[in-house]
>>> print(open('query_38.pdb').read())   # PDB, C-alpha atoms and all ligand atoms
ATOM      1  CA  MET A  15      -3.443  -5.546  18.959  1.00  0.00           C
ATOM      2  CA  ASN A  16      -1.314  -4.821  15.925  1.00  0.00           C
ATOM      3  CA  LYS A  17      -3.030  -3.388  12.909  1.00  0.00           C
ATOM      4  CA  ILE A  18       0.017  -3.466  10.698  1.00  0.00           C
ATOM      5  CA  ILE A  19       2.792  -5.957  10.061  1.00  0.00           C
ATOM      6  CA  PRO A  20       5.982  -4.405   8.693  1.00  0.00           C
ATOM      7  CA  PHE A  21       8.118  -6.674   6.556  1.00  0.00           C
ATOM      8  CA  VAL A  22      11.033  -6.443   4.162  1.00  0.00           C
ATOM      9  CA  TYR A  23      10.531  -7.131   0.478  1.00  0.00           C
ATOM     10  CA  PRO A  24      13.100  -6.040  -2.112  1.00  0.00           C
ATOM     11  CA  PHE A  25      10.964  -3.589  -4.050  1.00  0.00           C
ATOM     12  CA  ASP A  26      12.868  -1.852  -6.831  1.00  0.00           C
ATOM     13  CA  ASN A  27      12.121   1.750  -5.906  1.00  0.00           C
ATOM     14  CA  ILE A  28      13.880   3.135  -8.972  1.00  0.00           C
ATOM     15  CA  GLU A  29      11.693   1.069 -11.279  1.00  0.00           C
ATOM     16  CA  LEU A  30       8.543   1.841  -9.286  1.00  0.00           C
ATOM     17  CA  LEU A  31       9.308   5.556  -9.421  1.00  0.00           C
ATOM     18  CA  ARG A  32       9.990   5.304 -13.166  1.00  0.00           C
ATOM     19  CA  ILE A  33       6.577   3.687 -13.693  1.00  0.00           C
ATOM     20  CA  PHE A  34       4.918   6.202 -11.385  1.00  0.00           C
ATOM     21  CA  ASN A  35       6.353   9.078 -13.407  1.00  0.00           C
ATOM     22  CA  LEU A  36       5.086   7.497 -16.638  1.00  0.00           C
ATOM     23  CA  VAL A  37       1.514   7.158 -15.364  1.00  0.00           C
ATOM     24  CA  LYS A  38       1.133  10.041 -12.948  1.00  0.00           C
ATOM     25  CA  HIS A  39      -0.711  12.127 -15.539  1.00  0.00           C
ATOM     26  CA  ASN A  40      -3.548   9.667 -14.916  1.00  0.00           C
ATOM     27  CA  LEU A  41      -3.774  10.573 -11.261  1.00  0.00           C
ATOM     28  CA  VAL A  42      -7.288  11.177 -10.050  1.00  0.00           C
ATOM     29  CA  ILE A  43      -8.477  12.657  -6.792  1.00  0.00           C
ATOM     30  CA  PHE A  44     -10.309  10.404  -4.412  1.00  0.00           C
ATOM     31  CA  HIS A  45     -13.642  12.132  -4.027  1.00  0.00           C
ATOM     32  CA  ALA A  46     -14.646  10.718  -0.637  1.00  0.00           C
ATOM     33  CA  PRO A  47     -14.352  13.602   1.873  1.00  0.00           C
ATOM     34  CA  ASN A  48     -11.683  12.019   4.021  1.00  0.00           C
ATOM     35  CA  PHE A  49      -9.486  11.290   1.023  1.00  0.00           C
ATOM     36  CA  SER A  50      -9.252  14.852  -0.186  1.00  0.00           C
ATOM     37  CA  THR A  51      -5.470  14.921  -0.221  1.00  0.00           C
ATOM     38  CA  TRP A  52      -4.989  11.533  -1.852  1.00  0.00           C
ATOM     39  CA  LEU A  53      -4.386  11.133  -5.541  1.00  0.00           C
ATOM     40  CA  ASN A  54      -4.348   7.703  -7.110  1.00  0.00           C
ATOM     41  CA  VAL A  55      -3.643   6.098 -10.437  1.00  0.00           C
ATOM     42  CA  ASN A  56      -6.229   4.120 -12.321  1.00  0.00           C
ATOM     43  CA  LYS A  57      -5.319   0.471 -11.738  1.00  0.00           C
ATOM     44  CA  ASN A  58      -5.580  -0.364 -15.417  1.00  0.00           C
ATOM     45  CA  CYS A  59      -2.764   2.045 -16.207  1.00  0.00           C
ATOM     46  CA  ILE A  60      -0.077  -0.021 -14.534  1.00  0.00           C
ATOM     47  CA  LYS A  61      -1.049  -3.672 -14.699  1.00  0.00           C
ATOM     48  CA  GLU A  62       0.726  -4.345 -18.001  1.00  0.00           C
ATOM     49  CA  PHE A  63       4.136  -3.072 -16.915  1.00  0.00           C
ATOM     50  CA  PRO A  64       6.450  -6.114 -16.654  1.00  0.00           C
ATOM     51  CA  TYR A  65       7.728  -5.164 -13.208  1.00  0.00           C
ATOM     52  CA  ILE A  66       4.178  -4.713 -11.892  1.00  0.00           C
ATOM     53  CA  LYS A  67       3.251  -8.110 -13.336  1.00  0.00           C
ATOM     54  CA  LYS A  68       6.294  -9.621 -11.619  1.00  0.00           C
ATOM     55  CA  ILE A  69       5.388  -8.161  -8.234  1.00  0.00           C
ATOM     56  CA  MET A  70       1.776  -9.205  -8.485  1.00  0.00           C
ATOM     57  CA  SER A  71       2.737 -12.691  -9.574  1.00  0.00           C
ATOM     58  CA  GLU A  72       5.149 -13.063  -6.672  1.00  0.00           C
ATOM     59  CA  PHE A  73       2.660 -11.909  -4.038  1.00  0.00           C
ATOM     60  CA  THR A  74      -0.126 -13.978  -5.553  1.00  0.00           C
ATOM     61  CA  THR A  75       2.087 -17.048  -5.271  1.00  0.00           C
ATOM     62  CA  LEU A  76       3.750 -16.279  -1.944  1.00  0.00           C
ATOM     63  CA  LEU A  77       0.495 -15.531  -0.154  1.00  0.00           C
ATOM     64  CA  ASN A  78      -1.738 -17.817  -2.213  1.00  0.00           C
ATOM     65  CA  LEU A  79      -4.089 -14.942  -2.987  1.00  0.00           C
ATOM     66  CA  ASN A  80      -6.782 -14.715  -5.625  1.00  0.00           C
ATOM     67  CA  ILE A  81      -8.239 -11.269  -5.975  1.00  0.00           C
ATOM     68  CA  ILE A  82      -5.679  -8.488  -5.743  1.00  0.00           C
ATOM     69  CA  SER A  83      -4.854  -5.342  -7.662  1.00  0.00           C
ATOM     70  CA  SER A  84      -2.261  -2.613  -7.430  1.00  0.00           C
ATOM     71  CA  THR A  85      -2.059   1.123  -7.809  1.00  0.00           C
ATOM     72  CA  PHE A  86      -0.022   4.156  -6.825  1.00  0.00           C
ATOM     73  CA  PHE A  87      -1.039   6.767  -4.288  1.00  0.00           C
ATOM     74  CA  TRP A  88       0.374  10.238  -3.907  1.00  0.00           C
ATOM     75  CA  MET A  89      -0.243  12.282  -0.776  1.00  0.00           C
ATOM     76  CA  GLN A  90       1.071  15.810  -0.581  1.00  0.00           C
ATOM     77  CA  LYS A  91       3.524  16.604   2.199  1.00  0.00           C
ATOM     78  CA  LYS A  92       2.196  17.924   5.507  1.00  0.00           C
ATOM     79  CA  THR A  93      -1.376  16.914   4.760  1.00  0.00           C
ATOM     80  CA  ILE A  94      -3.709  14.629   6.685  1.00  0.00           C
ATOM     81  CA  VAL A  95      -6.092  11.906   5.649  1.00  0.00           C
ATOM     82  CA  HIS A  96      -8.595  11.543   8.469  1.00  0.00           C
ATOM     83  CA  ALA A  97      -9.656   8.193   9.853  1.00  0.00           C
ATOM     84  CA  HIS A  98     -11.517   6.068   7.334  1.00  0.00           C
ATOM     85  CA  ILE A  99     -12.091   2.498   6.226  1.00  0.00           C
ATOM     86  CA  ASP A 100     -10.874   1.584   2.744  1.00  0.00           C
ATOM     87  CA  PRO A 101     -13.777   0.814   0.433  1.00  0.00           C
ATOM     88  CA  ASN A 102     -13.873  -2.736  -0.932  1.00  0.00           C
ATOM     89  CA  THR A 103     -10.421  -3.629   0.404  1.00  0.00           C
ATOM     90  CA  LEU A 104     -10.077  -6.024   3.349  1.00  0.00           C
ATOM     91  CA  CYS A 105      -6.371  -5.435   3.779  1.00  0.00           C
ATOM     92  CA  SER A 106      -3.465  -4.153   1.752  1.00  0.00           C
ATOM     93  CA  ILE A 107       0.267  -4.240   1.309  1.00  0.00           C
ATOM     94  CA  ASN A 108       1.611  -0.690   1.159  1.00  0.00           C
ATOM     95  CA  HIS A 109       5.124   0.291   0.226  1.00  0.00           C
ATOM     96  CA  ASN A 110       6.541   3.795   0.587  1.00  0.00           C
ATOM     97  CA  ILE A 111       8.553   4.823  -2.442  1.00  0.00           C
ATOM     98  CA  SER A 112       9.032   8.200  -0.791  1.00  0.00           C
ATOM     99  CA  GLY A 113       7.603   9.915   2.242  1.00  0.00           C
ATOM    100  CA  GLY A 114       8.325   7.155   4.717  1.00  0.00           C
ATOM    101  CA  ASP A 115       8.507   9.837   7.396  1.00  0.00           C
ATOM    102  CA  GLY A 116       4.712   9.938   7.397  1.00  0.00           C
ATOM    103  CA  ILE A 117       2.623   8.195  10.044  1.00  0.00           C
ATOM    104  CA  ILE A 118      -0.368   5.905   9.847  1.00  0.00           C
ATOM    105  CA  TYR A 119      -2.584   5.985  12.914  1.00  0.00           C
ATOM    106  CA  TYR A 120      -5.398   3.784  14.149  1.00  0.00           C
ATOM    107  CA  PRO A 121      -7.589   5.647  16.657  1.00  0.00           C
ATOM    108  CA  GLY A 122      -7.514   3.664  19.883  1.00  0.00           C
ATOM    109  CA  TYR A 123      -4.420   1.768  18.769  1.00  0.00           C
ATOM    110  CA  ASN A 124      -0.888   2.789  17.897  1.00  0.00           C
ATOM    111  CA  ARG A 125       0.792   5.083  15.402  1.00  0.00           C
ATOM    112  CA  TYR A 126       3.244   3.546  13.012  1.00  0.00           C
ATOM    113  CA  GLN A 127       5.974   4.424  10.541  1.00  0.00           C
ATOM    114  CA  TYR A 128       6.912   1.775   8.010  1.00  0.00           C
ATOM    115  CA  GLU A 129       8.559   1.224   4.664  1.00  0.00           C
ATOM    116  CA  THR A 130       6.574  -1.847   3.656  1.00  0.00           C
ATOM    117  CA  ALA A 131       3.711  -3.348   5.628  1.00  0.00           C
ATOM    118  CA  LEU A 132       0.525  -5.343   5.591  1.00  0.00           C
ATOM    119  CA  LEU A 133      -2.248  -3.017   6.776  1.00  0.00           C
ATOM    120  CA  ASP A 134      -5.660  -3.688   8.264  1.00  0.00           C
ATOM    121  CA  THR A 135      -7.821  -1.448   6.083  1.00  0.00           C
ATOM    122  CA  LYS A 136     -11.138  -2.448   7.681  1.00  0.00           C
ATOM    123  CA  THR A 137     -10.220  -0.822  10.992  1.00  0.00           C
ATOM    124  CA  PRO A 138     -10.474   3.009  10.894  1.00  0.00           C
ATOM    125  CA  HIS A 139      -7.108   4.543  10.138  1.00  0.00           C
ATOM    126  CA  GLY A 140      -5.673   7.855   9.019  1.00  0.00           C
ATOM    127  CA  VAL A 141      -2.407   9.153   7.631  1.00  0.00           C
ATOM    128  CA  ILE A 142      -0.275  12.158   8.550  1.00  0.00           C
ATOM    129  CA  ALA A 143       2.204  12.998   5.807  1.00  0.00           C
ATOM    130  CA  GLY A 144       5.660  14.110   6.836  1.00  0.00           C
ATOM    131  CA  ASP A 145       7.990  16.650   5.303  1.00  0.00           C
ATOM    132  CA  LYS A 146       8.071  14.864   1.941  1.00  0.00           C
ATOM    133  CA  ASP A 147       5.328  13.942  -0.481  1.00  0.00           C
ATOM    134  CA  ARG A 148       4.229  10.392   0.245  1.00  0.00           C
ATOM    135  CA  ILE A 149       4.226   8.186  -2.838  1.00  0.00           C
ATOM    136  CA  GLN A 150       3.048   4.661  -2.243  1.00  0.00           C
ATOM    137  CA  PHE A 151       2.683   1.488  -4.211  1.00  0.00           C
ATOM    138  CA  LYS A 152      -0.343  -0.367  -2.884  1.00  0.00           C
ATOM    139  CA  ILE A 153      -1.480  -3.946  -3.382  1.00  0.00           C
ATOM    140  CA  SER A 154      -5.142  -4.253  -2.441  1.00  0.00           C
ATOM    141  CA  ILE A 155      -6.475  -7.572  -1.200  1.00  0.00           C
ATOM    142  CA  PHE A 156     -10.190  -8.099  -1.612  1.00  0.00           C
ATOM    143  CA  ASP A 157     -11.013 -11.624  -0.561  1.00  0.00           C
ATOM    144  CA  GLU A 158      -8.992 -12.349   2.577  1.00  0.00           C
ATOM    145  CA  ASP A 159      -8.887 -10.312   5.756  1.00  0.00           C
ATOM    146  CA  PHE A 160      -5.907  -8.912   7.660  1.00  0.00           C
ATOM    147  CA  ASN A 161      -5.601 -11.761  10.165  1.00  0.00           C
ATOM    148  CA  THR A 162      -5.727 -14.405   7.460  1.00  0.00           C
ATOM    149  CA  VAL A 163      -3.057 -12.753   5.334  1.00  0.00           C
ATOM    150  CA  ALA A 164      -0.987 -11.887   8.420  1.00  0.00           C
ATOM    151  CA  ALA A 165      -0.843 -15.554   9.387  1.00  0.00           C
ATOM    152  CA  LYS A 166       0.465 -16.423   5.928  1.00  0.00           C
ATOM    153  CA  LEU A 167       2.907 -13.535   5.892  1.00  0.00           C
ATOM    154  CA  LYS A 168       4.516 -14.609   9.153  1.00  0.00           C
ATOM    155  CA  LEU A 169       5.415 -17.975   7.624  1.00  0.00           C
ATOM    156  CA  ILE A 170       7.344 -16.486   4.719  1.00  0.00           C
ATOM    157  CA  ASP A 171      11.081 -15.982   4.796  1.00  0.00           C
ATOM    158  CA  PHE A 172      11.318 -13.319   2.117  1.00  0.00           C
ATOM    159  CA  ASP A 173      15.104 -13.505   2.055  1.00  0.00           C
ATOM    160  CA  SER A 174      15.004 -17.080   0.857  1.00  0.00           C
ATOM    161  CA  VAL A 175      12.151 -17.025  -1.635  1.00  0.00           C
ATOM    162  CA  ILE A 176      12.752 -13.831  -3.630  1.00  0.00           C
ATOM    163  CA  CYS A 177      15.485 -13.796  -6.227  1.00  0.00           C
TER     164      CYS A 177
HETATM  165 FE    FE B   1      -6.789   3.829   3.888  1.00  0.00          FE
END
>>> encode(input="query_38.pdb", output="structure tokens", more="lines below")
Ligand SMILES: [Fe+2]
Amino acid sequence: MNKIIPFVYPFDNIELLRIFNLVKHNLVIFHAPNFSTWLNVNKNCIKEFPYIKKIMSEFTTLLNLNIISSTFFWMQKKTIVHAHIDPNTLCSINHNISGGDGIIYYPGYNRYQYETALLDTKTPHGVIAGDKDRIQFKISIFDEDFNTVAAKLKLIDFDSVIC
């Protein structure tokens, strides 16, 4: 059973990296033991950037979602986040701005590399960073589970709806 669905969405990595660099001084360490190598940005720091608003608006509309938020994550190269379940998040859309050589693994399932994907965050999963720092833009989905969003995602032709 798949725990992730890769898809192609035309994220503007230059703009995302520009925003990341503007807010990265707000990075905080996740204090849960298994997240010791993750740093993330307070969600409130990025939600007013026009490009972030545009992305969130597009995904809200495309997937008919209600409760979502976005943030950046930064994982240092050659580190490991052990298997965990994301708190409060049923599933998420993760996009690698850099560090796409890293691997997400689901114990008992497969290991995956991806650029952009819908992830099941309620099934235990871990991350092995590659040779580059892994910087991700993450859209967290709080009110619909992986299978529900996956069914919607499969119906979307991103090439035709995004301009
Ligand atoms: Fe996670």
>>> closest_residue(input="query_38.pdb", among="A:Ile153, A:Ala97, A:Ile170, A:Met15", to="Ile60 (chain A)", atoms="all atoms listed in the file")
A:Ile153
>>> residues_near_ligand(input="query_38.pdb", ligand="ligand FE 1 (chain B)", cutoff="6 Å", atoms="all atoms listed in the file", output="list in words")
Ile99, Asp100 and Thr135 of chain A
>>> resolve_selection(input="query_38.pdb", expression="the PyMOL selection byres (((chain A and resi 141) around 9) and not hetatm)", output="count of residues only")
14
>>> residues_near_point(input="query_38.pdb", point="(9.4, -8.0, -7.4)", cutoff="6 Å", atoms="only C-alpha atoms", output="CSV table (one decimal) with C-alpha atoms, in the coordinates of the input")
chain,number,residue,atom,x,y,z
A,25,PHE,CA,11.0,-3.6,-4.0
A,68,LYS,CA,6.3,-9.6,-11.6
A,69,ILE,CA,5.4,-8.2,-8.2
>>> atom_distance(input="query_38.pdb", atom1="CA of Cys59 (chain A)", atom2="CA of Glu29 (chain A)")
15.3 Å
>>> atom_distance(input="query_38.pdb", atom1="CA of Glu62 (chain A)", atom2="CA of Ser106 (chain A)")
20.2 Å
>>> atom_distance(input="query_38.pdb", atom1="CA of Tyr23 (chain A)", atom2="CA of Arg125 (chain A)")
21.6 Å
>>> closest_residue(input="query_38.pdb", among="A:Glu72, A:Pro24, A:Tyr123, A:Phe86", to="Lys57 (chain A)", atoms="only C-alpha atoms")
A:Phe86
>>> resolve_selection(input="query_38.pdb", expression="the PyMOL selection byres (((chain A and resi 129) around 12) and not hetatm)", output="PDB file with C-alpha atoms, keeping the file's coordinate frame")
ATOM      1  CA  ILE A  18       0.017  -3.466  10.698  1.00  0.00           C
ATOM      2  CA  ILE A  19       2.792  -5.957  10.061  1.00  0.00           C
ATOM      3  CA  PRO A  20       5.982  -4.405   8.693  1.00  0.00           C
ATOM      4  CA  PHE A  21       8.118  -6.674   6.556  1.00  0.00           C
ATOM      5  CA  VAL A  22      11.033  -6.443   4.162  1.00  0.00           C
ATOM      6  CA  TYR A  23      10.531  -7.131   0.478  1.00  0.00           C
ATOM      7  CA  PRO A  24      13.100  -6.040  -2.112  1.00  0.00           C
ATOM      8  CA  PHE A  25      10.964  -3.589  -4.050  1.00  0.00           C
ATOM      9  CA  ASN A  27      12.121   1.750  -5.906  1.00  0.00           C
ATOM     10  CA  ILE A 107       0.267  -4.240   1.309  1.00  0.00           C
ATOM     11  CA  ASN A 108       1.611  -0.690   1.159  1.00  0.00           C
ATOM     12  CA  HIS A 109       5.124   0.291   0.226  1.00  0.00           C
ATOM     13  CA  ASN A 110       6.541   3.795   0.587  1.00  0.00           C
ATOM     14  CA  ILE A 111       8.553   4.823  -2.442  1.00  0.00           C
ATOM     15  CA  SER A 112       9.032   8.200  -0.791  1.00  0.00           C
ATOM     16  CA  GLY A 113       7.603   9.915   2.242  1.00  0.00           C
ATOM     17  CA  GLY A 114       8.325   7.155   4.717  1.00  0.00           C
ATOM     18  CA  ASP A 115       8.507   9.837   7.396  1.00  0.00           C
ATOM     19  CA  GLY A 116       4.712   9.938   7.397  1.00  0.00           C
ATOM     20  CA  ILE A 117       2.623   8.195  10.044  1.00  0.00           C
ATOM     21  CA  ILE A 118      -0.368   5.905   9.847  1.00  0.00           C
ATOM     22  CA  TYR A 126       3.244   3.546  13.012  1.00  0.00           C
ATOM     23  CA  GLN A 127       5.974   4.424  10.541  1.00  0.00           C
ATOM     24  CA  TYR A 128       6.912   1.775   8.010  1.00  0.00           C
ATOM     25  CA  THR A 130       6.574  -1.847   3.656  1.00  0.00           C
ATOM     26  CA  ALA A 131       3.711  -3.348   5.628  1.00  0.00           C
ATOM     27  CA  LEU A 132       0.525  -5.343   5.591  1.00  0.00           C
ATOM     28  CA  LEU A 133      -2.248  -3.017   6.776  1.00  0.00           C
ATOM     29  CA  ARG A 148       4.229  10.392   0.245  1.00  0.00           C
ATOM     30  CA  ILE A 149       4.226   8.186  -2.838  1.00  0.00           C
ATOM     31  CA  GLN A 150       3.048   4.661  -2.243  1.00  0.00           C
ATOM     32  CA  PHE A 151       2.683   1.488  -4.211  1.00  0.00           C
ATOM     33  CA  LYS A 152      -0.343  -0.367  -2.884  1.00  0.00           C
TER      34      LYS A 152
END
>>> resolve_selection(input="query_38.pdb", expression="the PyMOL selection byres (((chain A and resi 56) around 8) and not hetatm)", output="JSON, numbers by chain")
{"A": [40, 41, 42, 54, 55, 57, 58, 59, 60, 85]}
>>> residues_around(input="query_38.pdb", residues="Ser71 (chain A)", least_positions_apart="5", cutoff="12 Å", atoms="all atoms listed in the file", output="list in words")
Lys61, Pro64, Tyr65, Ile66, Leu76, Leu77, Asn78, Leu79, Asn80, Ile81, Ile82, Ser83, Ser84, Ile153 and Ile176 of chain A
>>> residues_near_point(input="query_38.pdb", point="(-9.3, -1.0, -3.2)", cutoff="8 Å", atoms="only C-alpha atoms", output="list of chain:residue names")
A:Ser83, A:Asp100, A:Pro101, A:Asn102, A:Thr103, A:Ser154, A:Ile155, A:Phe156
>>> closest_residue(input="query_38.pdb", among="A:Cys105, A:Gly122, A:Gly144, A:Asp171", to="Lys91 (chain A)", atoms="only C-alpha atoms")
A:Gly144
>>> closest_residue(input="query_38.pdb", among="A:Asp159, A:Lys17, A:Trp88, A:Asp145", to="Lys38 (chain A)", atoms="all atoms listed in the file")
A:Trp88
>>> residues_around(input="query_38.pdb", residues="Trp52 (chain A)", least_positions_apart="4", cutoff="8 Å", atoms="all atoms listed in the file", output="PyMOL selection string")
chain A and resi 43-44+87-90+95
